[in-house]
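Following: one structure in structure tokens, then a few remarks.
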Amino acid sequence: MVKLIVCLAGMPGAGKSTIAEGLKSRGYDVVNMGDAVREEAAKRALEPSRENLGKLMLELRREHGQGAVAELVRPKIESSAAEVVLVDGIRSIEEVQAIRKFGNVRLLAVHASTSSRFDFLQRRGRPDDPQTRDHFVERDSRELGVGISNPIALSDEAISNTGMTKDELVETAFGIIRGWI
């Protein structure tokens with residue numbers, strides 16, 4: 001059986017991780033692209049700050065190509081025994097192309113307003129989350145610069161995370177993914 005790999009694409013704070021965490025209990029494995037960068041930072045003894053992680057993400061892409069972060073998560077995807085693997089945080093079409101080598105890939109985009117995303121990221125509490133509007137705009141610009149808009153625009157399906165509860169967001173994603181299986 002070829003596993004289904006669902007790549008979750010969306011701007012920071014749109015709801016990708018909410019979907020991923022909500023679907024773990026349904027037997028789906030989750031691989032987080034940001035966690036892969038954070039793990040690489042730890043190997044390099046870098047503090048997981050907003051600045052360091054942003055620089056490292058760009059450095060990895062410069063040194064190893066735009067699909068570099070996808071290669072970091074390859075072992076986790078390949079070793080998964082789950083029927084569905086969710087890849088949280090796709091940032092470029094090159095990452096999608098790299099992941100296509102590991103299974104049947106579908107792209108699910110998650111959209112949310114900038115104000116909703118900023119509010120969520122301020123509350124989430126990761127060390128690299130923007131705490132000011134300027135940092136938020138800077139992060140969005142960096143994400144757009146690496147090509148995040150392409151997998152969002154080329155997604156197989158999209159969810160508008162506007163006025164939804166967490167449960168509604170997760171159920172909507174679950175319904176889409178079940179349709180792909």
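Ordering of the structure tokens sets the chain letters (A, B, ...), residue numbers begin anew at 1 in every chain, and ligands are numbered from 1 in the order given.
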
With DSSP run on the backbone, what are the strand (DSSP E) residues within range 58-157 of chain A? I'd like them as a list in words. Val84, Val85, Leu86, Val87, Asp88, Gly89, Ile90, Asn104, Val105, Arg106, Leu107, Leu108, Ala109, Val110, His111 and Glu157 of chain A

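If you look at CA of Glu83 in chain A and CA of Trp180 in chain A, they are 11.7 Å away from each other.
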
If you count only C-alpha atoms, which residues fall within 10 Å of Glu51 in chain A, apart from same-chain ones fewer than 6 positions away, as an MDAnalysis selection string? chainID A and resid 128 135 139

Let's have the selection written as a PDB file, in the first residue's frame, with N, CA, C and O atoms.
ATOM      1  N   ASP A 128       9.929  31.063  18.675  1.00  0.00           N
ATOM      2  CA  ASP A 128      10.100  31.776  17.410  1.00  0.00           C
ATOM      3  C   ASP A 128       8.824  32.489  16.940  1.00  0.00           C
ATOM      4  O   ASP A 128       8.810  33.081  15.868  1.00  0.00           O
ATOM      5  N   HIS A 135       7.446  41.961  13.731  1.00  0.00           N
ATOM      6  CA  HIS A 135       8.011  40.607  13.621  1.00  0.00           C
ATOM      7  C   HIS A 135       7.082  39.704  12.803  1.00  0.00           C
ATOM      8  O   HIS A 135       7.547  38.860  12.034  1.00  0.00           O
ATOM      9  N   ARG A 139       8.130  37.846   9.402  1.00  0.00           N
ATOM     10  CA  ARG A 139       8.030  36.395   9.222  1.00  0.00           C
ATOM     11  C   ARG A 139       7.199  36.061   7.990  1.00  0.00           C
ATOM     12  O   ARG A 139       7.577  35.193   7.201  1.00  0.00           O
TER      13      ARG A 139
END

Would you mind listing what lies within 8 Å of range 86-96 of chain A as a compact mmCIF listing (two decimals) with N, CA and C atoms, in the first residue's frame, with only C-alpha atoms counted and same-chain residues fewer than 4 positions away left out?
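File produced: result_15.txt:
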# COMPACT_ATOMS: atom_id res chain seq x y z
N ILE A 5 0.29 10.93 1.83
CA ILE A 5 0.99 11.99 2.54
C ILE A 5 0.24 13.28 2.26
N VAL A 6 -0.34 13.84 3.32
CA VAL A 6 -1.09 15.08 3.19
C VAL A 6 -0.21 16.22 3.66
N CYS A 7 0.15 17.08 2.72
CA CYS A 7 0.98 18.25 3.04
C CYS A 7 0.07 19.41 3.38
N LEU A 8 0.20 19.90 4.60
CA LEU A 8 -0.59 21.04 5.07
C LEU A 8 0.18 22.32 4.76
N ALA A 9 -0.45 23.19 3.98
CA ALA A 9 0.18 24.45 3.58
C ALA A 9 -0.67 25.61 4.07
N GLY A 10 -0.01 26.65 4.49
CA GLY A 10 -0.71 27.84 4.93
C GLY A 10 0.26 28.78 5.61
N LYS A 16 -2.71 24.97 10.63
CA LYS A 16 -2.11 23.70 10.19
C LYS A 16 -1.83 22.77 11.36
N SER A 17 -1.16 23.29 12.39
CA SER A 17 -0.81 22.47 13.55
C SER A 17 -2.04 22.04 14.34
N ALA A 20 -3.27 19.08 12.44
CA ALA A 20 -2.36 17.95 12.65
C ALA A 20 -2.54 17.33 14.03
N TYR A 28 -3.41 9.09 12.44
CA TYR A 28 -2.51 9.69 11.47
C TYR A 28 -1.20 10.06 12.16
N ASP A 29 -0.10 9.84 11.46
CA ASP A 29 1.19 10.31 11.97
C ASP A 29 1.38 11.76 11.52
N VAL A 30 2.11 12.51 12.32
CA VAL A 30 2.36 13.92 12.02
C VAL A 30 3.86 14.16 11.98
N VAL A 31 4.29 14.81 10.92
CA VAL A 31 5.68 15.23 10.77
C VAL A 31 5.64 16.75 10.61
N ASN A 32 6.35 17.45 11.47
CA ASN A 32 6.31 18.91 11.46
C ASN A 32 7.62 19.46 10.88
N MET A 33 7.49 20.23 9.79
CA MET A 33 8.67 20.78 9.11
C MET A 33 9.41 21.77 10.02
N GLY A 34 8.67 22.58 10.77
CA GLY A 34 9.31 23.53 11.69
C GLY A 34 10.09 22.81 12.78
N GLN A 66 15.87 24.11 -2.42
CA GLN A 66 14.59 24.51 -1.83
C GLN A 66 13.84 23.36 -1.17
N GLY A 67 14.22 22.12 -1.47
CA GLY A 67 13.57 20.96 -0.85
C GLY A 67 14.32 20.44 0.37
N ALA A 68 15.28 21.20 0.87
CA ALA A 68 16.17 20.73 1.95
C ALA A 68 15.43 20.29 3.20
N VAL A 69 14.43 21.03 3.63
CA VAL A 69 13.74 20.67 4.87
C VAL A 69 12.94 19.38 4.68
N ALA A 70 12.43 19.16 3.48
CA ALA A 70 11.73 17.90 3.19
C ALA A 70 12.67 16.71 3.34
N ARG A 100 6.99 13.84 -2.80
CA ARG A 100 6.31 12.95 -3.75
C ARG A 100 7.08 11.64 -3.96
N VAL A 105 0.96 12.07 -2.68
CA VAL A 105 0.88 13.36 -2.00
C VAL A 105 -0.36 14.14 -2.41
N GLU A 143 8.46 33.92 4.75
CA GLU A 143 7.73 32.74 4.26
C GLU A 143 7.34 32.91 2.79
N VAL A 146 10.31 32.33 0.43
CA VAL A 146 10.74 30.97 0.12
C VAL A 146 9.71 30.22 -0.72
N GLY A 147 8.61 30.89 -1.04
CA GLY A 147 7.65 30.29 -1.97
C GLY A 147 6.42 29.67 -1.36
N ILE A 148 6.07 30.02 -0.13
CA ILE A 148 4.92 29.41 0.54
C ILE A 148 3.60 29.61 -0.21
N SER A 149 3.52 30.69 -0.98
CA SER A 149 2.26 30.95 -1.70
C SER A 149 1.99 29.92 -2.79
N ASN A 150 3.03 29.30 -3.31
CA ASN A 150 2.83 28.33 -4.40
C ASN A 150 2.09 27.07 -3.96
N PRO A 151 2.52 26.39 -2.89
CA PRO A 151 1.73 25.21 -2.49
C PRO A 151 0.32 25.59 -2.02

Using only C-alpha atoms, determine which residues lie at most 8 Å from Ala41 in chain A, disregarding the query and same-chain residues fewer than 6 positions distant; provide the list as a ChimeraX atom specification. /A:47-48,52-53,56

Saved selection, atoms kept: all heavy atoms, as a PDB file, in the first residue's frame:
ATOM      1  N   GLU A  47      20.369  28.653  19.687  1.00  0.00           N
ATOM      2  CA  GLU A  47      19.172  28.970  20.450  1.00  0.00           C
ATOM      3  C   GLU A  47      17.988  29.006  19.473  1.00  0.00           C
ATOM      4  O   GLU A  47      18.112  29.558  18.378  1.00  0.00           O
ATOM      5  CB  GLU A  47      19.332  30.330  21.128  1.00  0.00           C
ATOM      6  CG  GLU A  47      18.121  30.753  21.920  1.00  0.00           C
ATOM      7  CD  GLU A  47      18.234  32.186  22.429  1.00  0.00           C
ATOM      8  OE1 GLU A  47      19.360  32.698  22.531  1.00  0.00           O
ATOM      9  OE2 GLU A  47      17.176  32.767  22.705  1.00  0.00           O
ATOM     10  N   PRO A  48      16.823  28.423  19.843  1.00  0.00           N
ATOM     11  CA  PRO A  48      15.687  28.386  18.912  1.00  0.00           C
ATOM     12  C   PRO A  48      14.924  29.712  18.856  1.00  0.00           C
ATOM     13  O   PRO A  48      13.703  29.754  19.011  1.00  0.00           O
ATOM     14  CB  PRO A  48      14.825  27.259  19.470  1.00  0.00           C
ATOM     15  CG  PRO A  48      15.096  27.289  20.936  1.00  0.00           C
ATOM     16  CD  PRO A  48      16.553  27.675  21.069  1.00  0.00           C
ATOM     17  N   ASN A  52      17.368  33.061  14.735  1.00  0.00           N
ATOM     18  CA  ASN A  52      18.200  31.899  14.409  1.00  0.00           C
ATOM     19  C   ASN A  52      17.474  30.891  13.526  1.00  0.00           C
ATOM     20  O   ASN A  52      18.053  30.361  12.574  1.00  0.00           O
ATOM     21  CB  ASN A  52      18.682  31.205  15.679  1.00  0.00           C
ATOM     22  CG  ASN A  52      19.763  31.982  16.386  1.00  0.00           C
ATOM     23  OD1 ASN A  52      20.388  32.879  15.829  1.00  0.00           O
ATOM     24  ND2 ASN A  52      19.992  31.650  17.651  1.00  0.00           N
ATOM     25  N   LEU A  53      16.224  30.609  13.856  1.00  0.00           N
ATOM     26  CA  LEU A  53      15.488  29.620  13.064  1.00  0.00           C
ATOM     27  C   LEU A  53      15.219  30.133  11.659  1.00  0.00           C
ATOM     28  O   LEU A  53      15.295  29.371  10.682  1.00  0.00           O
ATOM     29  CB  LEU A  53      14.196  29.226  13.774  1.00  0.00           C
ATOM     30  CG  LEU A  53      14.393  28.476  15.091  1.00  0.00           C
ATOM     31  CD1 LEU A  53      13.050  28.232  15.770  1.00  0.00           C
ATOM     32  CD2 LEU A  53      15.148  27.174  14.891  1.00  0.00           C
ATOM     33  N   LEU A  56      18.514  29.861   9.783  1.00  0.00           N
ATOM     34  CA  LEU A  56      18.840  28.461   9.514  1.00  0.00           C
ATOM     35  C   LEU A  56      17.981  27.917   8.383  1.00  0.00           C
ATOM     36  O   LEU A  56      18.484  27.220   7.497  1.00  0.00           O
ATOM     37  CB  LEU A  56      18.676  27.613  10.776  1.00  0.00           C
ATOM     38  CG  LEU A  56      18.969  26.124  10.625  1.00  0.00           C
ATOM     39  CD1 LEU A  56      20.377  25.876  10.101  1.00  0.00           C
ATOM     40  CD2 LEU A  56      18.746  25.410  11.958  1.00  0.00           C
TER      41      LEU A  56
END

Please measure the separation of CA of Ser155 in chain A and CA of Arg106 in chain A, giving the value in Å to one decimal.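 Computing the Euclidean distance for CA of Ser155 in chain A and CA of Arg106 in chain A yields 7.5 Å.
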
Can you tell me, as a PyMOL selection string, what residues are no more than 9 Å from Thr18 in chain A when counting only C-alpha atoms, ignoring any on the same chain fewer than 3 positions away? chain A and resi 14-15+21-23+166+169-170

Which parts of chain A does DSSP call alpha helix (DSSP H) when run on the backbone here, written out as a PyMOL selection string? chain A and resi 16-24+33-43+50-64+68-79+93-99+114-124+133-145+149-153+166-180
